[in-house]
Amino acid sequence: MSKPYTLQELLVIAVAREIHDHENVILGVGLPTTAGAVAKALYAPHATLMMESGIIDFEPLLPLNHIADAQSCRGFSYATDLFSAFTMTYRGFVDVCFLGVGQVDKYGNLNTTVIGDYNKPTIRLPGSGGAADFLSYAKRTVLTMLGGNFVNKLDYFTSPGYLEGGDSRDKSGLFPEGTGPTMLLSTKGIFRFDSVTKEMYLAQIHPRVTIEAVKKDVPWDLKIAPDLSETTHPTDVEIDFIRRFAPAMSAGRELSMELMILNMLKQFKT
Amino acid sequence: MGVDGKVMSSKEAISRFVHDDDELVIGNYTVGTCAELVYEIVRQGRKGFTLYSQSGIFDVEVLIGAGCVDRLITTYVLRAGGKKGGSAVERALNAGILKIEDYTNFQYNARLVAGMHGFSYSQVLEGAMATDLFRKRGFMGENKFRVIKCPYTGKDNLTVPAANPDVCIVHVQRADKFGNAQYWGALGSVAAAALASKRIIVSCEEIVEHDIIQSSPHLTIIPAYRVDAVVEVPWGAHPTEVLGYYNLDMLMYGLFMMSDGTADGLKAWMDEWIYGCADRAAYIDHYVQKFGNKGLDGIKAKPYYSAPANYGSAFTTRWDREGKERNMGLTLGEFEQTLKERGKLYE
């Protein structure tokens with residue numbers, strides 16, 4: 001039995017294991033960059049880590065603040081521009097990318113633009129950024145959903161998953177065959193997409209979570225893998241790496257913010 | 001105006017080159033944003049901008065919070081404080097005083113790249129035709145995207161129109177007094193934003209000798225002849241980071257994020273840090289007065305220098321040590337004698 005871990009550590013490792021050696025990887029900010037650092041250090045030493053800001057082939061020494069954070073590494077191998085980062089994706093040189101989720105439907109289509117009306121938003125989310133183009137052309141896309149929602153209909157269709165399901169994505173002629181989302185990670189489980197219907201199903205469930213708790217968040221009749229398994233526990237080596245590399249990630253956003261503010265207040269007083 | 005006349009204060013640069021109703025582009029992408037130039041625009045109370053921003057952070061928030069912007073073309077909008085929070089963009093949309101047009105990072109950048117090269121449009125990645133980015137048009141209407149047939153493959157190509165903003169404001173690490181601007185790190189869309197624009201205001205951490213620029217031209221992203229104003233402003237991007245100079249200031253960034261969630265909060269923050277400080281020196285003084293020196297000292301970059309690239313060559317004159325031309329083997333005197341003998345010289 002491995003040592004005790006936090007939920008965040010479990011999530012980071014689940015994502016890190018999607019990165020294979022020798023792959024070209026586009027990292028998004030937050031959990032994916034920590035996962036990228038874990039993978040590069042522990043199981044994918046030849047992976048080329050890349051960000052759309054044009055920082056290509058870097059080894060993160062610190063958790064990244066955002067996707068243009070050249071301060072978190074000591075130099076890098078290739079400085080290109082954003083335009084070229086996307087055209088190389090278009091040409092098929094990106095094996096896997098990672099995207100956050102605001103809303104997602106059963107076919108892995110994403111909304112990261114707006115909740116409510118586009119012109120009078122209930123919540124204005126960030127927008128596409130790189131998402132729509134990466135989900136279009138990366139060979140695989142891993143979706144990380146920490147605060148988002150499953151919905152039947154997106155308020156705004158930002159990024160293309162499997163469109164209406166089945167072969168509709170491939171038939172549209174807009175995307176390289178076989179591309180699309182391959183996994184969605186939530187705080188409750190790991191979802192994958194049926195090879196024929198392209199509908200999202202529950203493939204693995206995190207420890208201490210019930211199927212009912214997963215289904216409660218999903219407005220359609222969620223299918224469950226017949227061989228449903230528990231999400232793999234992080235190993236001691238993985239836990240130790242994350243805690244040293246990104247302690248705030250281990251603690252989670254809320255706790256780490258609380259501790260940071262406490263510390264800053266203390267410094268003010270002295 | 002002589003070339004030396006390009007060096008000026010942010011106050012002069014903004015008052016001369018940024019006008020009401022301009023199409024304004026923030027050249028920086030996520031890092032090292034031109035904070036002082038943005039704050040000076042706010043202080044001068046410019047109105048009516050169509051603002052281009054690749055990745056909005058506090059720069060876009062304060063311009064919109066100050067009422068400078070009518071229309072926003074963007075790919076990414078900042079949100080303070082998660083779901084419960086808000087943003088100046090969201091508030092302005094709901095108040096009906098801001099119009100917005102959403103693109104992807106690539107599409108936005110492609111508009112500037114087309115503009116930079118003098119083309120009227122750029123092909124972009126057709127996958128977006130399946131999305132609301134393509135289907136939902138804002139103030140650009142039909143001209144947000146057009147689909148054309150590729151004359152070579154017969155396939156449908158998605159295109160975006162070129163953008164040539166009136167003025168670009170951009171912060172870089174260093175420049176010379178002529179305007180040669182050097183920037184390194186996350187290149188993003190910085191060069192395209194500047195070079196697409198009709199006027200360019202460069203702020204920099206330091207003005208360096210021309211010789212420094214000449215020995216490292218691979219770092220120059222904007223050539224002098226395109227630049228209208230050079231503003232030397234140390235800490236000019238604070239609280240964002242400038243590679244080789246300073247890191248992100250979490251304290252000030254945190255203060256901003258805690259304020260930005262409400263209109264009143266943002267206003268109070270701007271009163272203190274923008275309207276309350278005449279320029280960047282006053283802003284830094286106020287920061288040090290309030291928080292002490294520890295904060296800024298703690299984020300100063302330690303050196304990690306790029307290996308120098310050798311721009312040297314074998315010789316720098318056609319005449320060798322003996323005064324003979326390297327290929328013809330003649331001294332200048334012998335050369336002129338030959339020209340005369342061969343009937344090449346006219347009286």
# chains A, B, ... in the order shown; residues from 1 in each chain; ligands from 1
call {"tool": "closest_atom_pairs", "arguments": {"of": "chain A", "to": "chain B", "cutoff": "7 Å", "atoms": "only C-alpha atoms", "output": "tab-separated table"}}
result
residue	atom	partner	partner_atom	distance
A:Ser53	CA	B:Gly188	CA	4.4
A:Gly54	CA	B:Ala186	CA	5.7
A:Ile55	CA	B:Ala186	CA	5.7
A:Ala68	CA	B:Ala186	CA	5.3
A:Ala70	CA	B:Gly185	CA	6.0
A:Gln71	CA	B:Leu243	CA	6.4
A:Ala79	CA	B:Leu187	CA	6.9
A:Thr80	CA	B:Leu187	CA	6.4
A:Asp81	CA	B:Gly188	CA	4.9
A:Leu82	CA	B:Gly188	CA	4.6
A:Phe83	CA	B:Phe106	CA	6.1
A:Phe86	CA	B:Phe106	CA	6.5
A:Asn119	CA	B:Leu93	CA	6.3
A:Lys120	CA	B:Asn94	CA	4.8
A:Pro121	CA	B:Asn94	CA	6.7
A:Arg124	CA	B:Glu90	CA	5.7
A:Leu125	CA	B:Arg79	CA	6.9
A:Pro126	CA	B:Val77	CA	4.3
A:Gly127	CA	B:Tyr76	CA	4.9
A:Ser128	CA	B:Thr104	CA	5.2
A:Gly129	CA	B:Asn105	CA	4.9
A:Gly130	CA	B:Asn105	CA	5.1
A:Ala132	CA	B:Ala128	CA	6.4
A:Asp133	CA	B:Ala128	CA	6.8
A:Ser136	CA	B:Gly127	CA	5.5
A:Tyr156	CA	B:Asp132	CA	6.2
A:Phe157	CA	B:Asp132	CA	5.0
A:Thr158	CA	B:Thr131	CA	5.7
A:Ser159	CA	B:Thr131	CA	6.2
A:Pro160	CA	B:Thr131	CA	6.4
A:Leu174	CA	B:Gly127	CA	5.0
A:Phe175	CA	B:Gly127	CA	6.0
call {"tool": "residues_around", "arguments": {"residues": "Pro234 (chain B)", "least_positions_apart": "5", "cutoff": "9 Å", "atoms": "only C-alpha atoms", "output": "list of chain:residue names"}}
result
B:Cys204, B:Glu205, B:Glu206, B:Arg280, B:Ala281
call {"tool": "write_last_selection", "arguments": {"atoms": "C-alpha atoms", "output": "compact mmCIF listing (two decimals), in the first residue's frame"}}
result
# COMPACT_ATOMS: atom_id res chain seq x y z
CA CYS B 204 11.51 48.78 -22.40
CA GLU B 205 13.23 47.87 -19.17
CA GLU B 206 16.36 49.62 -20.41
CA ARG B 280 5.73 54.29 -13.06
CA ALA B 281 8.36 55.75 -10.74
call {"tool": "select_by_dssp", "arguments": {"residues": "region 107-345 of chain B", "states": "strand (DSSP E)", "output": "MDAnalysis selection string"}}
result
chainID B and resid 121:124 146:149 156:161 167:175 181:182 199:207 220:222 229:232
call {"tool": "write_last_selection", "arguments": {"atoms": "C-alpha atoms", "output": "PDB file, in the first residue's frame"}}
result
ATOM      1  CA  TYR B 121      -6.693  37.825 -45.397  1.00  0.00           C
ATOM      2  CA  SER B 122      -5.211  34.653 -43.969  1.00  0.00           C
ATOM      3  CA  GLN B 123      -6.243  31.023 -44.201  1.00  0.00           C
ATOM      4  CA  VAL B 124      -7.008  29.564 -40.767  1.00  0.00           C
ATOM      5  CA  ARG B 146     -15.323  34.102 -44.951  1.00  0.00           C
ATOM      6  CA  VAL B 147     -15.057  30.722 -46.642  1.00  0.00           C
ATOM      7  CA  ILE B 148     -13.358  30.553 -50.025  1.00  0.00           C
ATOM      8  CA  LYS B 149     -12.482  27.739 -52.367  1.00  0.00           C
ATOM      9  CA  ASP B 156     -13.212  24.994 -48.635  1.00  0.00           C
ATOM     10  CA  ASN B 157     -10.771  27.262 -46.845  1.00  0.00           C
ATOM     11  CA  LEU B 158     -11.737  29.196 -43.747  1.00  0.00           C
ATOM     12  CA  THR B 159     -10.272  32.711 -43.756  1.00  0.00           C
ATOM     13  CA  VAL B 160     -10.059  35.727 -41.494  1.00  0.00           C
ATOM     14  CA  PRO B 161      -9.503  39.312 -42.632  1.00  0.00           C
ATOM     15  CA  VAL B 167      -1.372  51.738 -32.859  1.00  0.00           C
ATOM     16  CA  CYS B 168       0.448  48.993 -30.948  1.00  0.00           C
ATOM     17  CA  ILE B 169       1.685  49.412 -27.386  1.00  0.00           C
ATOM     18  CA  VAL B 170       4.291  46.851 -26.408  1.00  0.00           C
ATOM     19  CA  HIS B 171       6.833  46.227 -23.658  1.00  0.00           C
ATOM     20  CA  VAL B 172      10.198  44.555 -24.320  1.00  0.00           C
ATOM     21  CA  GLN B 173      13.393  43.823 -22.413  1.00  0.00           C
ATOM     22  CA  ARG B 174      15.602  46.343 -24.171  1.00  0.00           C
ATOM     23  CA  ALA B 175      15.799  48.724 -27.106  1.00  0.00           C
ATOM     24  CA  ALA B 181      13.333  46.494 -29.876  1.00  0.00           C
ATOM     25  CA  GLN B 182      14.696  43.245 -28.466  1.00  0.00           C
ATOM     26  CA  ARG B 199       2.162  53.214 -35.248  1.00  0.00           C
ATOM     27  CA  ILE B 200       4.278  51.462 -32.608  1.00  0.00           C
ATOM     28  CA  ILE B 201       5.089  52.607 -29.075  1.00  0.00           C
ATOM     29  CA  VAL B 202       7.802  50.529 -27.429  1.00  0.00           C
ATOM     30  CA  SER B 203       8.450  50.624 -23.703  1.00  0.00           C
ATOM     31  CA  CYS B 204      11.506  48.781 -22.403  1.00  0.00           C
ATOM     32  CA  GLU B 205      13.229  47.873 -19.171  1.00  0.00           C
ATOM     33  CA  GLU B 206      16.360  49.620 -20.414  1.00  0.00           C
ATOM     34  CA  ILE B 207      17.708  51.562 -23.364  1.00  0.00           C
ATOM     35  CA  THR B 220      15.318  42.183 -32.387  1.00  0.00           C
ATOM     36  CA  ILE B 221      11.616  41.701 -33.079  1.00  0.00           C
ATOM     37  CA  ILE B 222      10.748  45.248 -34.169  1.00  0.00           C
ATOM     38  CA  ALA B 229       8.390  56.158 -29.647  1.00  0.00           C
ATOM     39  CA  VAL B 230      10.798  54.506 -27.204  1.00  0.00           C
ATOM     40  CA  VAL B 231      10.007  54.775 -23.509  1.00  0.00           C
ATOM     41  CA  GLU B 232      12.504  53.568 -20.932  1.00  0.00           C
TER      42      GLU B 232
END
call {"tool": "select_by_dssp", "arguments": {"residues": "region 44-94 of chain B", "states": "alpha helix (DSSP H)", "output": "PyMOL selection string"}}
result
chain B and resi 44+58-65+88-94
call {"tool": "residues_around", "arguments": {"residues": "region 59-69 of chain B", "least_positions_apart": "6", "cutoff": "9 Å", "atoms": "only C-alpha atoms", "output": "VMD selection string"}}
result
chain B and resid 20 to 21 26 33 to 35 38 to 39 41 to 43 45 to 51 53 77 to 78 87 to 89 91 to 92 97 to 98 260 263 266 to 267 270
call {"tool": "write_last_selection", "arguments": {"atoms": "N, CA and C atoms", "output": "mmCIF file, in the first residue's frame"}}
result
data_model
loop_
_atom_site.group_PDB
_atom_site.id
_atom_site.type_symbol
_atom_site.label_atom_id
_atom_site.label_comp_id
_atom_site.auth_asym_id
_atom_site.auth_seq_id
_atom_site.Cartn_x
_atom_site.Cartn_y
_atom_site.Cartn_z
ATOM 1 N N ASP B 20 -8.245 59.017 -29.417
ATOM 2 C CA ASP B 20 -9.604 58.506 -29.233
ATOM 3 C C ASP B 20 -10.050 57.780 -30.503
ATOM 4 N N ASP B 21 -10.829 56.726 -30.317
ATOM 5 C CA ASP B 21 -11.426 55.956 -31.418
ATOM 6 C C ASP B 21 -10.410 55.141 -32.225
ATOM 7 N N ILE B 26 -2.763 45.578 -27.839
ATOM 8 C CA ILE B 26 -1.772 45.306 -26.797
ATOM 9 C C ILE B 26 -0.852 44.235 -27.361
ATOM 10 N N THR B 33 3.393 42.378 -19.849
ATOM 11 C CA THR B 33 2.498 43.297 -20.549
ATOM 12 C C THR B 33 2.923 44.749 -20.312
ATOM 13 N N CYS B 34 2.559 45.609 -21.248
ATOM 14 C CA CYS B 34 2.992 47.010 -21.232
ATOM 15 C C CYS B 34 2.153 47.789 -20.217
ATOM 16 N N ALA B 35 2.328 47.445 -18.948
ATOM 17 C CA ALA B 35 1.477 47.988 -17.886
ATOM 18 C C ALA B 35 1.539 49.513 -17.814
ATOM 19 N N VAL B 38 -0.365 51.135 -20.645
ATOM 20 C CA VAL B 38 -1.802 50.971 -20.417
ATOM 21 C C VAL B 38 -2.285 51.957 -19.349
ATOM 22 N N TYR B 39 -1.546 52.049 -18.247
ATOM 23 C CA TYR B 39 -1.967 52.938 -17.153
ATOM 24 C C TYR B 39 -1.973 54.392 -17.613
ATOM 25 N N ILE B 41 -2.531 55.465 -20.644
ATOM 26 C CA ILE B 41 -3.743 55.648 -21.471
ATOM 27 C C ILE B 41 -4.948 55.896 -20.571
ATOM 28 N N VAL B 42 -5.041 55.111 -19.509
ATOM 29 C CA VAL B 42 -6.150 55.269 -18.552
ATOM 30 C C VAL B 42 -6.097 56.657 -17.923
ATOM 31 N N ARG B 43 -4.894 57.079 -17.509
ATOM 32 C CA ARG B 43 -4.758 58.396 -16.868
ATOM 33 C C ARG B 43 -5.143 59.528 -17.825
ATOM 34 N N GLY B 45 -7.330 59.275 -20.110
ATOM 35 C CA GLY B 45 -8.774 59.229 -20.356
ATOM 36 C C GLY B 45 -9.180 59.077 -21.811
ATOM 37 N N ARG B 46 -8.407 58.303 -22.569
ATOM 38 C CA ARG B 46 -8.779 58.058 -23.968
ATOM 39 C C ARG B 46 -10.091 57.267 -24.039
ATOM 40 N N LYS B 47 -10.837 57.469 -25.133
ATOM 41 C CA LYS B 47 -12.154 56.844 -25.289
ATOM 42 C C LYS B 47 -12.307 56.200 -26.665
ATOM 43 N N GLY B 48 -13.235 55.287 -26.735
ATOM 44 C CA GLY B 48 -13.725 54.811 -28.032
ATOM 45 C C GLY B 48 -12.861 53.796 -28.743
ATOM 46 N N PHE B 49 -11.947 53.116 -28.020
ATOM 47 C CA PHE B 49 -11.066 52.152 -28.690
ATOM 48 C C PHE B 49 -11.811 50.931 -29.207
ATOM 49 N N THR B 50 -11.327 50.411 -30.318
ATOM 50 C CA THR B 50 -11.523 49.003 -30.646
ATOM 51 C C THR B 50 -10.228 48.335 -30.190
ATOM 52 N N LEU B 51 -10.333 47.489 -29.177
ATOM 53 C CA LEU B 51 -9.133 46.930 -28.545
ATOM 54 C C LEU B 51 -8.884 45.500 -29.013
ATOM 55 N N SER B 53 -6.795 42.234 -28.103
ATOM 56 C CA SER B 53 -6.011 41.633 -27.033
ATOM 57 C C SER B 53 -6.021 40.122 -27.203
ATOM 58 N N VAL B 77 -10.448 35.921 -21.972
ATOM 59 C CA VAL B 77 -10.871 36.990 -21.075
ATOM 60 C C VAL B 77 -10.545 36.586 -19.642
ATOM 61 N N LEU B 78 -9.968 37.502 -18.904
ATOM 62 C CA LEU B 78 -9.652 37.197 -17.508
ATOM 63 C C LEU B 78 -10.929 37.110 -16.683
ATOM 64 N N SER B 87 -15.700 40.059 -13.846
ATOM 65 C CA SER B 87 -14.657 40.777 -14.561
ATOM 66 C C SER B 87 -15.264 42.042 -15.142
ATOM 67 N N ALA B 88 -14.396 42.997 -15.429
ATOM 68 C CA ALA B 88 -14.852 44.243 -16.042
ATOM 69 C C ALA B 88 -15.491 43.958 -17.395
ATOM 70 N N VAL B 89 -14.948 42.954 -18.116
ATOM 71 C CA VAL B 89 -15.517 42.587 -19.416
ATOM 72 C C VAL B 89 -16.955 42.118 -19.234
ATOM 73 N N ARG B 91 -19.013 42.688 -16.756
ATOM 74 C CA ARG B 91 -19.885 43.779 -16.307
ATOM 75 C C ARG B 91 -20.236 44.722 -17.462
ATOM 76 N N ALA B 92 -19.246 45.022 -18.313
ATOM 77 C CA ALA B 92 -19.485 45.944 -19.426
ATOM 78 C C ALA B 92 -20.428 45.322 -20.465
ATOM 79 N N ILE B 97 -22.411 48.268 -22.724
ATOM 80 C CA ILE B 97 -21.482 49.316 -23.178
ATOM 81 C C ILE B 97 -20.241 48.741 -23.866
ATOM 82 N N LEU B 98 -20.228 47.424 -24.047
ATOM 83 C CA LEU B 98 -19.094 46.792 -24.725
ATOM 84 C C LEU B 98 -19.602 45.745 -25.697
ATOM 85 N N ASP B 260 -10.830 42.912 -8.531
ATOM 86 C CA ASP B 260 -11.416 42.972 -9.870
ATOM 87 C C ASP B 260 -12.812 42.349 -9.948
ATOM 88 N N ALA B 263 -17.162 46.070 -9.490
ATOM 89 C CA ALA B 263 -16.856 47.373 -10.091
ATOM 90 C C ALA B 263 -16.238 48.308 -9.044
ATOM 91 N N LEU B 266 -12.617 47.250 -8.251
ATOM 92 C CA LEU B 266 -11.683 47.622 -9.314
ATOM 93 C C LEU B 266 -11.424 49.133 -9.298
ATOM 94 N N LYS B 267 -12.485 49.886 -9.066
ATOM 95 C CA LYS B 267 -12.339 51.343 -9.054
ATOM 96 C C LYS B 267 -11.371 51.777 -7.937
ATOM 97 N N MET B 270 -7.868 50.931 -8.927
ATOM 98 C CA MET B 270 -7.351 51.851 -9.954
ATOM 99 C C MET B 270 -7.080 53.235 -9.372
#
call {"tool": "residues_around", "arguments": {"residues": "region 307-321 of chain B", "least_positions_apart": "6", "cutoff": "12 Å", "atoms": "only C-alpha atoms", "output": "ChimeraX atom specification"}}
result
/A:75 /B:212-219,327-332,335
call {"tool": "closest_residue", "arguments": {"among": "A:Asp240, A:Asp95, A:Glu52, A:Asp105", "to": "Glu18 (chain A)", "atoms": "only C-alpha atoms"}}
result
A:Asp95
call {"tool": "closest_residue", "arguments": {"among": "A:Ile115, A:Ile123, A:Ala138, A:Ile224", "to": "Leu27 (chain A)", "atoms": "only C-alpha atoms"}}
result
A:Ala138
call {"tool": "residues_around", "arguments": {"residues": "Asn149 (chain A)", "least_positions_apart": "2", "cutoff": "8 Å", "atoms": "only C-alpha atoms", "output": "list of chain:residue names"}}
result
A:Val101, A:Gly102, A:Gln103, A:Val104, A:Met145, A:Gly147, A:Val151, A:Asp217
call {"tool": "atom_distance", "arguments": {"atom1": "CA of Leu64 (chain A)", "atom2": "CA of Asp249 (chain B)"}}
result
13.8 Å
call {"tool": "atom_distance", "arguments": {"atom1": "CA of Gly236 (chain B)", "atom2": "CA of Lys266 (chain A)"}}
result
28.3 Å
call {"tool": "atom_distance", "arguments": {"atom1": "CA of Arg253 (chain A)", "atom2": "CA of Thr187 (chain A)"}}
result
13.4 Å
call {"tool": "residues_around", "arguments": {"residues": "His206 (chain A)", "least_positions_apart": "5", "cutoff": "10 Å", "atoms": "only C-alpha atoms", "output": "JSON, numbers by chain"}}
result
{"A": [7, 10, 11, 186, 187, 188, 189, 190, 211, 214, 229, 230, 231, 232, 233]}
call {"tool": "decode", "arguments": {"residues": "region 139-211 of chain A", "atoms": "C-alpha atoms", "output": "PDB file, in the first residue's frame"}}
result
ATOM      1  CA  LYS A 139      -3.966  13.343 -32.357  1.00  0.00           C
ATOM      2  CA  ARG A 140      -5.384  12.873 -28.852  1.00  0.00           C
ATOM      3  CA  THR A 141      -6.930  15.309 -26.409  1.00  0.00           C
ATOM      4  CA  VAL A 142      -7.306  14.809 -22.676  1.00  0.00           C
ATOM      5  CA  LEU A 143     -10.020  16.917 -21.040  1.00  0.00           C
ATOM      6  CA  THR A 144      -9.527  17.957 -17.428  1.00  0.00           C
ATOM      7  CA  MET A 145     -12.706  19.018 -15.671  1.00  0.00           C
ATOM      8  CA  LEU A 146     -12.221  20.317 -12.150  1.00  0.00           C
ATOM      9  CA  GLY A 147     -15.038  22.855 -11.916  1.00  0.00           C
ATOM     10  CA  GLY A 148     -17.096  22.374 -15.073  1.00  0.00           C
ATOM     11  CA  ASN A 149     -20.440  20.734 -15.839  1.00  0.00           C
ATOM     12  CA  PHE A 150     -21.871  17.937 -17.955  1.00  0.00           C
ATOM     13  CA  VAL A 151     -24.765  19.294 -20.038  1.00  0.00           C
ATOM     14  CA  ASN A 152     -27.143  18.049 -22.747  1.00  0.00           C
ATOM     15  CA  LYS A 153     -26.684  21.228 -24.755  1.00  0.00           C
ATOM     16  CA  LEU A 154     -23.760  23.628 -24.617  1.00  0.00           C
ATOM     17  CA  ASP A 155     -24.573  27.314 -24.115  1.00  0.00           C
ATOM     18  CA  TYR A 156     -21.824  28.050 -26.648  1.00  0.00           C
ATOM     19  CA  PHE A 157     -19.990  25.508 -28.799  1.00  0.00           C
ATOM     20  CA  THR A 158     -16.328  26.507 -28.449  1.00  0.00           C
ATOM     21  CA  SER A 159     -14.338  23.392 -29.334  1.00  0.00           C
ATOM     22  CA  PRO A 160     -15.214  20.366 -31.454  1.00  0.00           C
ATOM     23  CA  GLY A 161     -15.286  16.906 -29.905  1.00  0.00           C
ATOM     24  CA  TYR A 162     -17.186  14.158 -31.744  1.00  0.00           C
ATOM     25  CA  LEU A 163     -19.901  16.623 -32.931  1.00  0.00           C
ATOM     26  CA  GLU A 164     -23.154  14.581 -33.081  1.00  0.00           C
ATOM     27  CA  GLY A 165     -21.374  11.315 -32.275  1.00  0.00           C
ATOM     28  CA  GLY A 166     -20.861   8.221 -34.441  1.00  0.00           C
ATOM     29  CA  ASP A 167     -18.757   9.031 -37.493  1.00  0.00           C
ATOM     30  CA  SER A 168     -19.949  12.640 -37.731  1.00  0.00           C
ATOM     31  CA  ARG A 169     -16.550  14.079 -36.839  1.00  0.00           C
ATOM     32  CA  ASP A 170     -14.663  12.060 -39.433  1.00  0.00           C
ATOM     33  CA  LYS A 171     -17.423  12.588 -42.037  1.00  0.00           C
ATOM     34  CA  SER A 172     -17.347  16.368 -41.664  1.00  0.00           C
ATOM     35  CA  GLY A 173     -14.062  16.431 -43.549  1.00  0.00           C
ATOM     36  CA  LEU A 174     -12.803  19.165 -41.239  1.00  0.00           C
ATOM     37  CA  PHE A 175     -10.541  17.022 -39.044  1.00  0.00           C
ATOM     38  CA  PRO A 176      -7.779  14.446 -39.508  1.00  0.00           C
ATOM     39  CA  GLU A 177      -9.266  10.974 -39.085  1.00  0.00           C
ATOM     40  CA  GLY A 178      -9.049   9.435 -35.656  1.00  0.00           C
ATOM     41  CA  THR A 179      -8.457  12.702 -33.818  1.00  0.00           C
ATOM     42  CA  GLY A 180     -10.654  13.895 -30.976  1.00  0.00           C
ATOM     43  CA  PRO A 181     -10.992  13.666 -27.204  1.00  0.00           C
ATOM     44  CA  THR A 182      -9.784  10.375 -25.738  1.00  0.00           C
ATOM     45  CA  MET A 183     -10.370  10.877 -22.045  1.00  0.00           C
ATOM     46  CA  LEU A 184     -12.090  13.191 -19.599  1.00  0.00           C
ATOM     47  CA  LEU A 185     -10.879  13.447 -16.034  1.00  0.00           C
ATOM     48  CA  SER A 186     -13.238  14.769 -13.362  1.00  0.00           C
ATOM     49  CA  THR A 187     -12.898  14.897  -9.603  1.00  0.00           C
ATOM     50  CA  LYS A 188     -14.995  11.711  -9.474  1.00  0.00           C
ATOM     51  CA  GLY A 189     -13.739   9.512 -12.267  1.00  0.00           C
ATOM     52  CA  ILE A 190     -12.154   8.927 -15.649  1.00  0.00           C
ATOM     53  CA  PHE A 191     -14.384   8.881 -18.721  1.00  0.00           C
ATOM     54  CA  ARG A 192     -13.582   7.556 -22.172  1.00  0.00           C
ATOM     55  CA  PHE A 193     -15.424   7.546 -25.504  1.00  0.00           C
ATOM     56  CA  ASP A 194     -17.105   4.544 -27.135  1.00  0.00           C
ATOM     57  CA  SER A 195     -15.206   3.583 -30.286  1.00  0.00           C
ATOM     58  CA  VAL A 196     -18.404   3.413 -32.395  1.00  0.00           C
ATOM     59  CA  THR A 197     -21.012   5.757 -30.889  1.00  0.00           C
ATOM     60  CA  LYS A 198     -18.362   8.186 -29.540  1.00  0.00           C
ATOM     61  CA  GLU A 199     -20.524   8.623 -26.448  1.00  0.00           C
ATOM     62  CA  MET A 200     -18.699   9.300 -23.207  1.00  0.00           C
ATOM     63  CA  TYR A 201     -18.808   6.520 -20.610  1.00  0.00           C
ATOM     64  CA  LEU A 202     -17.392   6.025 -17.131  1.00  0.00           C
ATOM     65  CA  ALA A 203     -14.214   3.942 -17.455  1.00  0.00           C
ATOM     66  CA  GLN A 204     -12.671   4.294 -13.994  1.00  0.00           C
ATOM     67  CA  ILE A 205     -13.957   5.614 -10.721  1.00  0.00           C
ATOM     68  CA  HIS A 206     -11.897   7.369  -8.047  1.00  0.00           C
ATOM     69  CA  PRO A 207     -11.598   5.716  -4.618  1.00  0.00           C
ATOM     70  CA  ARG A 208     -14.470   6.467  -2.187  1.00  0.00           C
ATOM     71  CA  VAL A 209     -16.772   7.651  -4.996  1.00  0.00           C
ATOM     72  CA  THR A 210     -20.018   5.814  -5.815  1.00  0.00           C
ATOM     73  CA  ILE A 211     -21.492   5.345  -9.282  1.00  0.00           C
TER      74      ILE A 211
END
